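upload-v4.cif, holding mmCIF, C-alpha atoms:
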```cif
data_model
loop_
_atom_site.label_atom_id
_atom_site.label_comp_id
_atom_site.auth_asym_id
_atom_site.auth_seq_id
_atom_site.Cartn_x
_atom_site.Cartn_y
_atom_site.Cartn_z
CA MET A 393 3.16 -20.10 -11.00
CA LYS A 394 5.78 -18.72 -8.67
CA SER A 395 4.01 -19.88 -5.53
CA ILE A 396 3.32 -23.33 -7.01
CA GLY A 397 7.00 -23.74 -7.77
CA ALA A 398 8.01 -22.57 -4.31
CA ILE A 399 5.52 -24.91 -2.62
CA LEU A 400 6.66 -27.82 -4.77
CA THR A 401 10.33 -27.13 -3.97
CA VAL A 402 9.73 -26.76 -0.24
CA PHE A 403 7.61 -29.92 -0.21
CA LEU A 404 10.35 -31.90 -1.95
CA GLY A 405 13.00 -30.46 0.35
CA GLY A 406 10.91 -31.32 3.42
CA LEU A 407 10.47 -34.86 2.12
CA LEU A 408 14.21 -35.23 1.60
CA ILE A 409 14.99 -33.82 5.07
CA TYR A 410 12.47 -36.24 6.56
CA CYS A 411 14.16 -39.09 4.69
CA SER A 412 17.60 -37.93 5.83
CA MET A 413 16.63 -39.11 9.34
CA ASP A 414 17.10 -42.68 8.12
CA PHE A 415 20.53 -41.96 6.66
CA PRO A 416 23.59 -43.36 8.42
CA PRO A 417 25.42 -40.72 10.50
CA TRP A 418 28.09 -38.74 8.71
CA GLY A 419 31.44 -40.55 8.57
CA ASP A 420 30.09 -43.93 9.64
CA PRO A 421 32.58 -46.59 8.46
CA ASP A 422 29.86 -49.30 8.44
CA SER A 423 27.31 -47.42 6.34
CA PRO A 424 25.91 -49.33 3.33
CA ALA A 425 27.84 -47.22 0.84
CA ASN A 426 31.12 -48.07 2.55
CA SER A 427 30.59 -51.76 3.19
CA HIS A 428 29.83 -53.64 -0.03
CA VAL A 429 32.18 -53.24 -2.95
CA SER A 430 34.51 -50.45 -1.89
CA PRO A 431 36.48 -52.46 0.75
CA TYR A 432 37.43 -54.87 -2.02
CA TYR A 433 38.82 -52.01 -4.10
CA ILE A 434 40.79 -50.60 -1.18
CA GLU A 435 42.28 -53.92 -0.08
CA HIS A 436 43.08 -55.40 -3.48
CA THR A 437 44.20 -52.44 -5.59
CA LEU A 438 47.90 -52.99 -4.90
CA GLU A 439 47.93 -56.70 -5.66
CA ASP A 440 45.61 -56.34 -8.69
CA THR A 441 47.02 -53.26 -10.38
CA SER A 442 49.98 -51.99 -8.30
CA VAL A 443 48.47 -48.50 -8.36
CA PRO A 444 48.47 -46.90 -4.90
CA ASN A 445 45.91 -44.23 -5.83
CA ILE A 446 42.69 -46.20 -5.45
CA VAL A 447 40.63 -43.57 -7.26
CA THR A 448 42.77 -43.96 -10.38
CA SER A 449 42.70 -47.74 -10.32
CA VAL A 450 38.92 -47.84 -9.88
CA LEU A 451 38.45 -45.15 -12.54
CA ALA A 452 40.50 -46.72 -15.30
CA ASP A 453 40.65 -50.41 -14.44
CA TYR A 454 37.81 -51.76 -12.30
CA ARG A 455 35.27 -49.41 -13.86
CA GLY A 456 36.98 -48.85 -17.20
CA TYR A 457 33.78 -49.17 -19.22
CA ASP A 458 32.09 -46.44 -17.19
CA THR A 459 34.98 -44.04 -17.75
CA MET A 460 35.16 -44.87 -21.44
CA PHE A 461 31.56 -43.89 -21.97
CA GLU A 462 31.94 -40.79 -19.80
CA THR A 463 34.76 -39.83 -22.16
CA ILE A 464 32.46 -40.44 -25.11
CA VAL A 465 29.84 -38.20 -23.47
CA ILE A 466 32.41 -35.39 -23.26
CA PHE A 467 33.44 -36.02 -26.89
CA THR A 468 29.80 -35.90 -27.96
CA ALA A 469 29.27 -32.63 -26.08
CA GLY A 470 32.21 -31.06 -27.92
CA ILE A 471 30.97 -32.26 -31.31
CA ALA A 472 27.42 -31.12 -30.50
CA CYS A 473 28.74 -27.66 -29.66
CA ILE A 474 30.51 -27.47 -33.04
CA PHE A 475 27.40 -28.57 -34.92
CA LEU A 476 25.13 -26.18 -33.01
CA LEU A 477 27.18 -23.03 -33.21
CA ARG A 478 29.87 -23.18 -35.87
CA MET A 479 29.02 -21.14 -38.93
CA PHE A 480 30.89 -22.62 -41.87
CA LYS A 481 29.78 -19.88 -44.23
CA THR A 482 32.05 -16.92 -43.53
CA VAL A 483 29.89 -13.90 -42.94
CA GLU A 484 31.68 -10.72 -43.93
CA PRO A 485 31.77 -8.39 -40.93
CA GLU A 486 30.48 -4.84 -41.33
CA THR A 487 33.77 -3.19 -40.51
CA ARG A 488 37.19 -4.33 -39.42
CA LEU A 489 39.69 -2.54 -37.25
CA TYR A 490 43.37 -2.58 -38.13
CA ARG A 491 46.22 -1.09 -36.18
CA HIS A 492 49.19 0.38 -37.98
CA LEU A 493 51.94 -0.75 -35.63
CA PRO A 494 54.74 1.78 -36.30
CA THR A 495 52.48 4.78 -35.77
CA GLY A 496 49.82 3.32 -33.49
CA ILE A 497 47.00 4.60 -35.69
CA THR A 498 43.80 2.55 -35.80
CA LEU A 499 42.20 2.21 -39.20
CA ARG A 500 38.53 1.49 -39.57
CA ILE A 501 37.88 -0.23 -42.86
CA ALA A 502 34.26 -0.41 -43.94
CA LYS A 503 32.60 -3.25 -45.81
CA GLY A 504 33.83 -3.48 -49.38
CA GLY A 505 37.14 -1.86 -48.59
CA LYS A 506 40.44 -3.65 -49.08
CA PHE A 507 41.64 -5.37 -45.91
CA PRO A 508 45.43 -5.38 -45.50
CA ASP A 509 47.23 -8.67 -44.89
CA ASP A 510 48.57 -9.37 -41.42
CA SER A 511 52.17 -8.25 -41.52
CA ASP A 512 54.69 -6.38 -39.40
CA HIS A 513 52.90 -3.15 -40.21
CA PHE A 514 49.22 -4.01 -39.84
CA LYS A 515 47.60 -6.07 -37.10
CA ARG A 516 43.92 -6.80 -36.91
CA ILE A 517 42.36 -5.90 -33.54
CA ASP A 518 39.05 -6.67 -31.85
CA SER A 519 36.30 -4.07 -31.71
CA ASP A 520 36.63 -3.85 -27.90
CA TRP A 521 40.40 -3.72 -27.96
CA VAL A 522 42.26 -2.54 -24.85
CA PRO A 523 45.59 -0.93 -25.66
CA HIS A 524 47.55 -1.34 -22.43
CA ASP A 525 47.71 -5.08 -21.79
CA LEU A 526 51.49 -5.36 -21.49
CA ILE A 527 51.48 -6.72 -17.91
CA LEU A 528 48.78 -9.26 -18.68
CA GLN A 529 50.46 -10.55 -21.81
CA THR A 530 53.92 -10.73 -20.25
CA THR A 531 52.60 -12.57 -17.19
CA CYS A 532 50.68 -15.02 -19.33
CA ARG A 533 53.66 -15.65 -21.57
CA MET A 534 55.70 -16.56 -18.49
CA ILE A 535 53.07 -18.58 -16.67
CA ILE A 536 51.48 -20.63 -19.47
CA PRO A 537 54.43 -23.05 -19.94
CA PHE A 538 54.41 -23.81 -16.23
CA ILE A 539 50.66 -24.43 -16.25
CA GLN A 540 51.11 -26.85 -19.13
CA ILE A 541 53.98 -28.69 -17.46
CA PHE A 542 51.93 -28.94 -14.29
CA ALA A 543 49.05 -30.37 -16.36
CA LEU A 544 51.33 -33.04 -17.81
CA TYR A 545 52.62 -33.80 -14.32
CA VAL A 546 49.06 -34.22 -13.02
CA ILE A 547 48.27 -36.66 -15.86
CA ALA A 548 51.50 -38.64 -15.51
CA HIS A 549 51.53 -38.72 -11.70
CA GLY A 550 47.91 -39.78 -11.33
CA HIS A 551 49.00 -43.21 -10.12
CA HIS A 552 50.75 -41.94 -7.01
CA SER A 553 49.05 -38.68 -6.05
CA PRO A 554 45.70 -36.98 -6.63
CA GLY A 555 45.38 -36.45 -10.36
CA GLY A 556 44.66 -38.18 -13.62
CA GLY A 557 43.46 -37.59 -17.11
CA PHE A 558 40.37 -35.55 -16.31
CA GLN A 559 42.10 -33.08 -13.99
CA GLY A 560 45.23 -32.74 -16.10
CA GLY A 561 43.20 -32.30 -19.28
CA VAL A 562 41.16 -29.52 -17.72
CA ILE A 563 44.32 -27.72 -16.54
CA PHE A 564 45.89 -28.01 -19.99
CA GLY A 565 42.73 -26.72 -21.64
CA ALA A 566 42.64 -23.84 -19.15
CA SER A 567 46.16 -22.80 -20.18
CA ILE A 568 45.08 -22.50 -23.81
CA ILE A 569 41.92 -20.63 -22.84
CA LEU A 570 44.08 -18.27 -20.77
CA PHE A 571 46.19 -17.63 -23.85
CA ALA A 572 43.07 -16.89 -25.89
CA ILE A 573 41.79 -14.44 -23.26
CA ALA A 574 45.10 -12.66 -22.70
CA PHE A 575 45.94 -12.24 -26.39
CA ASP A 576 42.99 -12.69 -28.72
CA LEU A 577 41.00 -15.53 -30.17
CA ARG A 578 42.58 -15.31 -33.61
CA SER A 579 46.13 -15.78 -32.36
CA ALA A 580 45.01 -18.72 -30.23
CA ILE A 581 43.33 -20.33 -33.25
CA LYS A 582 46.46 -19.69 -35.29
CA ARG A 583 48.46 -21.75 -32.80
CA MET A 584 45.89 -24.41 -32.08
CA GLY A 585 43.51 -24.56 -34.99
CA GLU A 586 40.02 -25.93 -35.30
CA ARG A 587 41.03 -28.99 -37.27
CA LEU A 588 43.67 -29.87 -34.69
CA THR A 589 41.27 -29.60 -31.74
CA ALA A 590 38.56 -31.61 -33.50
CA PHE A 591 41.17 -34.22 -34.44
CA LEU A 592 42.43 -34.40 -30.83
CA CYS A 593 38.85 -34.91 -29.59
CA ALA A 594 38.57 -37.99 -31.75
CA LEU A 595 42.15 -39.13 -31.11
CA GLY A 596 41.66 -39.35 -27.33
CA VAL A 597 38.57 -41.56 -27.65
CA PHE A 598 40.45 -43.62 -30.23
CA ILE A 599 43.36 -44.16 -27.83
CA TYR A 600 41.02 -45.27 -25.06
CA ALA A 601 39.00 -47.66 -27.22
CA GLY A 602 42.14 -48.77 -29.08
CA VAL A 603 43.86 -49.90 -25.88
CA GLY A 604 40.75 -51.94 -25.10
CA LEU A 605 40.76 -53.45 -28.58
CA VAL A 606 44.44 -54.42 -28.38
CA CYS A 607 43.62 -56.26 -25.15
CA MET A 608 40.88 -58.13 -27.04
CA LEU A 609 43.28 -59.02 -29.87
CA TYR A 610 45.54 -60.69 -27.32
CA GLY A 611 42.68 -62.88 -26.15
CA ASN A 612 41.60 -61.12 -22.97
CA ASN A 613 38.48 -59.15 -22.22
CA PHE A 614 37.95 -55.59 -23.49
CA LEU A 615 40.07 -53.20 -21.35
CA ASP A 616 41.77 -56.05 -19.44
CA TYR A 617 45.22 -54.50 -19.52
CA SER A 618 47.08 -57.59 -18.29
CA ALA A 619 47.07 -58.71 -21.94
CA LEU A 620 49.59 -55.95 -22.67
CA ALA A 621 52.25 -57.74 -20.60
CA ASP A 622 53.74 -59.46 -23.67
CA ILE A 623 54.06 -56.26 -25.69
CA MET A 624 55.66 -54.27 -22.92
CA GLY A 625 57.73 -57.07 -21.44
CA VAL A 626 56.56 -56.66 -17.86
CA ASP A 627 54.52 -58.81 -15.50
CA PRO A 628 50.71 -58.65 -15.85
CA ILE A 629 50.28 -56.55 -12.69
CA SER A 630 52.62 -53.80 -13.92
CA ALA A 631 51.00 -54.06 -17.34
CA ARG A 632 47.70 -53.04 -15.75
CA SER A 633 49.39 -49.99 -14.25
CA HIS A 634 50.86 -49.01 -17.64
CA GLY A 635 47.54 -49.65 -19.38
CA ILE A 636 45.88 -47.25 -16.94
CA LEU A 637 48.46 -44.59 -17.85
CA MET A 638 47.77 -45.00 -21.59
CA VAL A 639 44.04 -44.69 -21.03
CA GLU A 640 44.53 -41.63 -18.84
CA VAL A 641 46.54 -39.96 -21.61
CA GLY A 642 43.61 -40.55 -23.97
CA VAL A 643 41.17 -39.06 -21.45
CA GLY A 644 43.45 -36.05 -20.95
CA ILE A 645 43.59 -35.36 -24.69
CA VAL A 646 39.80 -35.53 -25.07
CA VAL A 647 39.11 -33.29 -22.09
CA MET A 648 41.71 -30.72 -23.16
CA ALA A 649 40.43 -30.58 -26.74
CA VAL A 650 36.77 -30.36 -25.71
CA MET A 651 37.44 -27.51 -23.27
CA VAL A 652 39.20 -25.58 -26.06
CA VAL A 653 36.43 -26.35 -28.59
CA LEU A 654 33.76 -25.19 -26.15
CA TYR A 655 35.64 -21.96 -25.48
CA TYR A 656 36.34 -21.18 -29.15
CA ASN A 657 32.72 -21.69 -30.13
CA LEU A 658 31.00 -20.12 -27.13
CA ALA A 659 33.24 -17.05 -26.92
CA SER A 660 32.76 -16.12 -30.57
CA ALA A 661 29.22 -17.51 -30.98
CA GLY A 662 30.48 -19.84 -33.70
CA LYS A 663 32.16 -17.27 -35.93
CA GLN A 664 35.66 -17.91 -34.53
CA ASP A 665 36.50 -14.41 -35.59
CA GLU A 666 36.40 -12.13 -32.58
CA GLY A 667 36.44 -13.52 -29.10
CA LEU A 668 36.13 -12.13 -25.61
CA MET B 1200 17.61 -30.96 23.66
CA ASP B 1201 20.72 -33.15 23.60
CA GLU B 1202 19.03 -35.64 21.30
CA LEU B 1203 18.06 -32.87 18.93
CA LEU B 1204 21.63 -31.62 18.96
CA THR B 1205 23.07 -35.03 18.08
CA ILE B 1206 20.59 -35.38 15.24
CA LEU B 1207 21.52 -31.91 14.05
CA ILE B 1208 25.25 -32.64 14.13
CA ALA B 1209 24.88 -35.98 12.38
CA ARG B 1210 22.59 -34.65 9.64
CA ILE B 1211 23.56 -31.01 9.12
CA ASN B 1212 25.67 -31.73 6.02
CA TYR B 1213 22.81 -33.55 4.28
CA TRP B 1214 20.50 -30.65 5.08
CA VAL B 1215 22.91 -28.16 3.55
CA TYR B 1216 22.96 -30.18 0.32
CA ILE B 1217 19.17 -30.46 0.35
CA ILE B 1218 18.87 -26.69 0.74
CA LEU B 1219 21.32 -26.17 -2.14
CA MET B 1220 19.28 -28.62 -4.18
CA MET B 1221 16.08 -26.70 -3.36
CA ILE B 1222 17.69 -23.46 -4.54
CA GLY B 1223 18.62 -25.12 -7.82
CA MET B 1224 15.19 -26.69 -8.24
CA TYR B 1225 13.48 -23.36 -7.55
CA GLY B 1226 15.65 -21.74 -10.21
CA ILE B 1227 14.80 -24.38 -12.79
CA ILE B 1228 11.06 -24.40 -12.10
CA VAL B 1229 10.22 -20.76 -11.41
CA LYS B 1230 12.70 -18.52 -13.25
CA LYS B 1231 11.63 -17.43 -16.72
CA ASN B 1232 15.07 -16.59 -18.06
CA LEU B 1233 16.87 -19.49 -19.71
CA MET B 1234 20.26 -18.31 -18.38
CA LYS B 1235 18.91 -18.41 -14.84
CA LYS B 1236 17.54 -21.89 -15.46
CA ILE B 1237 21.01 -23.02 -16.56
CA ILE B 1238 22.53 -21.50 -13.42
CA GLY B 1239 19.91 -23.34 -11.35
CA MET B 1240 20.82 -26.59 -13.09
CA SER B 1241 24.48 -26.06 -12.19
CA ILE B 1242 23.62 -25.44 -8.53
CA LEU B 1243 21.53 -28.62 -8.50
CA GLN B 1244 24.45 -30.58 -9.95
CA THR B 1245 26.79 -29.15 -7.34
CA ALA B 1246 24.44 -30.23 -4.56
CA VAL B 1247 24.33 -33.80 -5.88
CA ILE B 1248 28.12 -33.89 -6.25
CA LEU B 1249 28.60 -32.69 -2.66
CA PHE B 1250 26.10 -35.26 -1.44
CA TYR B 1251 27.93 -38.11 -3.16
CA VAL B 1252 31.34 -37.02 -1.89
CA SER B 1253 30.05 -36.76 1.67
CA ILE B 1254 28.71 -40.33 1.49
CA GLY B 1255 32.25 -41.60 1.03
CA ALA B 1256 33.57 -40.06 4.24
CA LYS B 1257 34.71 -42.26 7.12
CA LYS B 1258 35.77 -41.20 10.61
CA ASN B 1259 39.51 -41.53 11.33
CA ALA B 1260 40.28 -42.37 7.72
CA THR B 1261 42.59 -40.71 5.24
CA ILE B 1262 42.51 -40.02 1.50
CA PRO B 1263 42.30 -43.14 -0.69
CA ILE B 1264 45.97 -43.25 -1.61
CA ILE B 1265 47.91 -46.11 -0.05
CA GLU B 1266 51.19 -45.08 1.49
CA HIS B 1267 54.01 -46.48 -0.52
CA GLY B 1268 57.68 -46.21 -1.30
CA HIS B 1269 59.46 -47.30 -4.44
CA ASP B 1270 58.61 -50.97 -5.03
CA THR B 1271 57.35 -51.45 -1.49
CA GLY B 1272 53.92 -51.82 -0.05
CA HIS B 1273 53.01 -54.80 -2.19
CA ALA B 1274 53.12 -57.09 0.82
CA THR B 1275 51.65 -54.99 3.62
CA ALA B 1276 48.01 -55.60 4.45
CA VAL B 1277 45.64 -52.71 3.80
CA GLN B 1278 42.70 -52.11 6.12
CA ALA B 1279 39.59 -50.77 4.41
CA ALA B 1280 38.67 -48.75 7.52
CA HIS B 1281 41.80 -46.62 7.20
CA PHE B 1282 40.89 -45.16 3.80
CA ILE B 1283 37.78 -43.27 2.78
CA ASN B 1284 35.51 -44.77 0.18
CA PRO B 1285 37.01 -44.10 -3.28
CA LEU B 1286 33.90 -45.00 -5.26
CA PRO B 1287 31.91 -41.74 -4.86
CA HIS B 1288 35.06 -39.81 -5.69
CA VAL B 1289 35.48 -41.72 -8.95
CA LEU B 1290 31.87 -41.18 -9.93
CA MET B 1291 31.92 -37.47 -9.13
CA LEU B 1292 35.31 -36.92 -10.76
CA THR B 1293 33.81 -37.86 -14.10
CA ALA B 1294 30.50 -36.17 -13.28
CA ILE B 1295 32.17 -32.78 -12.73
CA VAL B 1296 33.86 -32.81 -16.13
CA VAL B 1297 30.72 -34.10 -17.84
CA ALA B 1298 28.76 -31.33 -16.09
CA VAL B 1299 31.10 -28.73 -17.59
CA ALA B 1300 30.76 -30.28 -21.06
CA THR B 1301 26.96 -30.43 -20.87
CA LEU B 1302 26.93 -26.86 -19.54
CA GLY B 1303 28.77 -25.91 -22.72
CA VAL B 1304 26.07 -27.56 -24.82
CA ALA B 1305 23.35 -25.79 -22.79
CA LEU B 1306 25.04 -22.43 -23.36
CA ALA B 1307 25.41 -23.22 -27.07
CA LEU B 1308 21.67 -23.88 -27.26
CA ALA B 1309 20.99 -20.63 -25.40
CA ILE B 1310 23.18 -18.69 -27.86
CA LYS B 1311 21.36 -20.34 -30.76
CA ILE B 1312 17.95 -19.44 -29.30
CA TYR B 1313 19.03 -15.86 -28.68
CA LYS B 1314 20.27 -15.50 -32.26
CA GLN B 1315 17.00 -16.87 -33.62
CA TYR B 1316 14.47 -15.04 -31.43
CA ASN B 1317 16.45 -12.17 -29.85
CA THR B 1318 15.28 -13.10 -26.37
CA LEU B 1319 15.97 -15.62 -23.63
CA GLU B 1320 12.77 -14.99 -21.66
CA GLU B 1321 10.58 -18.06 -21.66
CA ASP B 1322 7.20 -16.28 -21.80
CA GLU B 1323 8.35 -14.05 -24.67
CA LEU B 1324 9.59 -17.14 -26.53
CA ILE B 1325 6.20 -18.82 -26.08
CA GLU B 1326 4.48 -15.68 -27.41
CA ILE B 1327 6.73 -15.69 -30.50
CA LEU B 1328 6.21 -19.40 -31.09
CA LYS B 1329 2.41 -19.07 -30.84
CA GLU B 1330 2.26 -16.59 -33.71
#
```

What would you get if you wrote out this structure as structure tokens?
Amino acid sequence: MKSIGAILTVFLGGLLIYCSMDFPPWGDPDSPANSHVSPYYIEHTLEDTSVPNIVTSVLADYRGYDTMFETIVIFTAGIACIFLLRMFKTVEPETRLYRHLPTGITLRIAKGGKFPDDSDHFKRIDSDWVPHDLILQTTCRMIIPFIQIFALYVIAHGHHSPGGGFQGGVIFGASIILFAIAFDLRSAIKRMGERLTAFLCALGVFIYAGVGLVCMLYGNNFLDYSALADIMGVDPISARSHGILMVEVGVGIVVMAVMVVLYYNLASAGKQDEGL
Amino acid sequence: MDELLTILIARINYWVYIILMMIGMYGIIVKKNLMKKIIGMSILQTAVILFYVSIGAKKNATIPIIEHGHDTGHATAVQAAHFINPLPHVLMLTAIVVAVATLGVALALAIKIYKQYNTLEEDELIEILKE
């Protein structure tokens, strides 16, 4: 089995290397990939959409359908993860660990015992709790707001510099995952709950499809943002640029929410009780 | 010798991606552990992404962002040869995020399988399923 797999892989690799002889040389400006549709995008993006970042204009305007369904794929992956892993029946854990904050004593409460409420005196801790995480938590508390502002900048500045909804959404999701790792999963869920993340997943797709539908209501094609010119009071070219921004915000929300959903469910294996 | 060298220089990047792809393929086909298969799948995806991005490269060209000031640049002519091909970048931009999302689903399935059968080894799983 092993040798068959190795032979098959080497055979396929050899075939591909043989075929690579017919490829155009690296960096050839006249290669087929560079000479059909992409020159149009490069030369007309400013007059069509007034967006200098060609990647953004192609992503959200010329190929808006493609991106919309990519967003739906991400949304579906998040929902699938919830359905696969999330256990809606709360399984009582064997034992729980509580820390009495004034004295620093850890209480181990067995099944059937009375669990204290979270208060100033008692705090629930994970079974693999590390006591000395002062530096980590302080650093995270200082750095997370800046990560989130940078994420918003990346989303909002996607028209003029590298960036956009996908990248900004991932950075924003990473900031929340960082919070969940540095503190614990329960305090992250307390701040950004399950319902909220699931709602944001759906909201982002709704924003994207909704912008397309509004364009249809105004008599243009689906996702033809120039129809928004009347609502926003700008010329059709600028309206396209603004439409791209709205769509990018939707993409950012979906990506952020799905990253958080994936982390919550994978880290706790669906229990959303104790994380990493 | 010189001919061989020019071929090597012009093709070396494709060969690197093909080798990466072979590593991923080998992992998917041969390895028995589902985690290792998932890792192989990720390596394969990375190879394809690198391949696509390298297709878009052009000599003496810059990143696909047109130089602009505030409310200028609408009139100046843009030469396609001065900017690299944006299309592969767009496709791979979405593909990377979708790859992460699908990786999450793959890991969720792996967790589910491990909970059910207490193993991730393929041959052990087949043994259990035969019974």

(message) Using all atoms listed in the file and a distance of at most 8 Å, pull out the residues of chain A that contact chain B, as a ChimeraX atom specification.
(response) /A:393-394,397-398,401-402,404-405,408-409,412-413,417-421,425-426,430-432,434-435,438-439,442,444-448,450-451,459,462,465-466,469-470,472-473,476-477,552-553,558,647,650-651,654,658,661

(request) Run the PyMOL selection byres ((chain A and resi 534-542) around 9) on the file and write out the hits as a PyMOL selection string. (result) chain A and resi 529-533+543-547+560+563-568+570-571

(request) Go ahead and compute the interatomic distance for atom CA of A:Thr441 and atom CA of A:Ser630, in Å to one decimal. (result) 6.6 Å

(request) Extract, using only C-alpha atoms, all DNA, RNA and protein residues at most 12 Å from A:Tyr457, discarding same-chain residues fewer than 6 positions from it, and format them as a VMD selection string. (result) chain A and resid 450 to 451 463 to 464 600 to 601 604 613 to 616 639

Sphere at (51.2, -11.8, -36.6), radius 12 Å, counting all atoms listed in the file: residues as a compact mmCIF listing (two decimals) with C-alpha atoms, in the coordinates of the input:
```txt
# COMPACT_ATOMS: atom_id res chain seq x y z
CA ARG A 491 46.22 -1.09 -36.18
CA LEU A 493 51.94 -0.75 -35.63
CA ASP A 509 47.23 -8.67 -44.89
CA ASP A 510 48.57 -9.37 -41.42
CA SER A 511 52.17 -8.25 -41.52
CA ASP A 512 54.69 -6.38 -39.40
CA HIS A 513 52.90 -3.15 -40.21
CA PHE A 514 49.22 -4.01 -39.84
CA LYS A 515 47.60 -6.07 -37.10
CA ARG A 516 43.92 -6.80 -36.91
CA ILE A 517 42.36 -5.90 -33.54
CA PHE A 575 45.94 -12.24 -26.39
CA ASP A 576 42.99 -12.69 -28.72
CA ARG A 578 42.58 -15.31 -33.61
CA SER A 579 46.13 -15.78 -32.36
CA ALA A 580 45.01 -18.72 -30.23
CA LYS A 582 46.46 -19.69 -35.29
CA ARG A 583 48.46 -21.75 -32.80
```

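The coordinates place atom CA of A:Ser519 at 8.1 Å from atom CA of A:Glu666.
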
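Atom pair atom CA of A:Met460 / atom CA of A:Ser633: separated by 16.7 Å.
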
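For the choices A:Val597, A:Ala572, A:Ile623, A:Ile474, the atom-to-atom distance to A:Met584 is smallest for A:Ala572 when using only C-alpha atoms.
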
Atoms added to stretch 494-507 of chain A (N, CA, C and O atoms), reported as a PDB file, in the frame of the given file:
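The resulting selection-v1.pdb:
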```pdb
ATOM      1  N   PRO A 494      53.702   0.761 -36.522  1.00  0.00           N
ATOM      2  CA  PRO A 494      54.740   1.780 -36.300  1.00  0.00           C
ATOM      3  C   PRO A 494      54.187   3.104 -35.777  1.00  0.00           C
ATOM      4  O   PRO A 494      54.829   3.751 -34.953  1.00  0.00           O
ATOM      5  N   THR A 495      52.999   3.494 -36.205  1.00  0.00           N
ATOM      6  CA  THR A 495      52.480   4.780 -35.770  1.00  0.00           C
ATOM      7  C   THR A 495      51.445   4.654 -34.671  1.00  0.00           C
ATOM      8  O   THR A 495      51.157   5.622 -33.978  1.00  0.00           O
ATOM      9  N   GLY A 496      50.851   3.472 -34.506  1.00  0.00           N
ATOM     10  CA  GLY A 496      49.820   3.320 -33.490  1.00  0.00           C
ATOM     11  C   GLY A 496      48.488   3.886 -33.884  1.00  0.00           C
ATOM     12  O   GLY A 496      47.650   4.167 -33.044  1.00  0.00           O
ATOM     13  N   ILE A 497      48.271   4.073 -35.203  1.00  0.00           N
ATOM     14  CA  ILE A 497      47.000   4.600 -35.690  1.00  0.00           C
ATOM     15  C   ILE A 497      46.054   3.436 -35.953  1.00  0.00           C
ATOM     16  O   ILE A 497      46.459   2.404 -36.494  1.00  0.00           O
ATOM     17  N   THR A 498      44.788   3.583 -35.545  1.00  0.00           N
ATOM     18  CA  THR A 498      43.800   2.550 -35.800  1.00  0.00           C
ATOM     19  C   THR A 498      43.003   2.914 -37.039  1.00  0.00           C
ATOM     20  O   THR A 498      42.481   4.025 -37.133  1.00  0.00           O
ATOM     21  N   LEU A 499      42.961   1.986 -37.970  1.00  0.00           N
ATOM     22  CA  LEU A 499      42.200   2.210 -39.200  1.00  0.00           C
ATOM     23  C   LEU A 499      40.893   1.461 -39.113  1.00  0.00           C
ATOM     24  O   LEU A 499      40.842   0.318 -38.674  1.00  0.00           O
ATOM     25  N   ARG A 500      39.833   2.141 -39.528  1.00  0.00           N
ATOM     26  CA  ARG A 500      38.530   1.490 -39.570  1.00  0.00           C
ATOM     27  C   ARG A 500      38.164   1.308 -41.031  1.00  0.00           C
ATOM     28  O   ARG A 500      37.952   2.273 -41.753  1.00  0.00           O
ATOM     29  N   ILE A 501      38.115   0.046 -41.449  1.00  0.00           N
ATOM     30  CA  ILE A 501      37.880  -0.230 -42.860  1.00  0.00           C
ATOM     31  C   ILE A 501      36.467  -0.754 -43.007  1.00  0.00           C
ATOM     32  O   ILE A 501      36.091  -1.763 -42.420  1.00  0.00           O
ATOM     33  N   ALA A 502      35.667  -0.052 -43.792  1.00  0.00           N
ATOM     34  CA  ALA A 502      34.260  -0.410 -43.940  1.00  0.00           C
ATOM     35  C   ALA A 502      34.109  -1.601 -44.884  1.00  0.00           C
ATOM     36  O   ALA A 502      35.061  -2.030 -45.529  1.00  0.00           O
ATOM     37  N   LYS A 503      32.894  -2.104 -44.953  1.00  0.00           N
ATOM     38  CA  LYS A 503      32.600  -3.250 -45.810  1.00  0.00           C
ATOM     39  C   LYS A 503      32.867  -2.876 -47.267  1.00  0.00           C
ATOM     40  O   LYS A 503      32.490  -1.795 -47.716  1.00  0.00           O
ATOM     41  N   GLY A 504      33.519  -3.770 -47.982  1.00  0.00           N
ATOM     42  CA  GLY A 504      33.830  -3.480 -49.380  1.00  0.00           C
ATOM     43  C   GLY A 504      35.205  -2.898 -49.562  1.00  0.00           C
ATOM     44  O   GLY A 504      35.727  -2.899 -50.663  1.00  0.00           O
ATOM     45  N   GLY A 505      35.794  -2.386 -48.492  1.00  0.00           N
ATOM     46  CA  GLY A 505      37.140  -1.860 -48.590  1.00  0.00           C
ATOM     47  C   GLY A 505      38.154  -2.984 -48.676  1.00  0.00           C
ATOM     48  O   GLY A 505      37.838  -4.147 -48.484  1.00  0.00           O
ATOM     49  N   LYS A 506      39.402  -2.628 -48.945  1.00  0.00           N
ATOM     50  CA  LYS A 506      40.440  -3.650 -49.080  1.00  0.00           C
ATOM     51  C   LYS A 506      41.095  -3.855 -47.719  1.00  0.00           C
ATOM     52  O   LYS A 506      41.615  -2.910 -47.133  1.00  0.00           O
ATOM     53  N   PHE A 507      41.022  -5.085 -47.203  1.00  0.00           N
ATOM     54  CA  PHE A 507      41.640  -5.370 -45.910  1.00  0.00           C
ATOM     55  C   PHE A 507      43.111  -5.681 -46.128  1.00  0.00           C
ATOM     56  O   PHE A 507      43.446  -6.485 -47.002  1.00  0.00           O
TER      57      PHE A 507
END
```
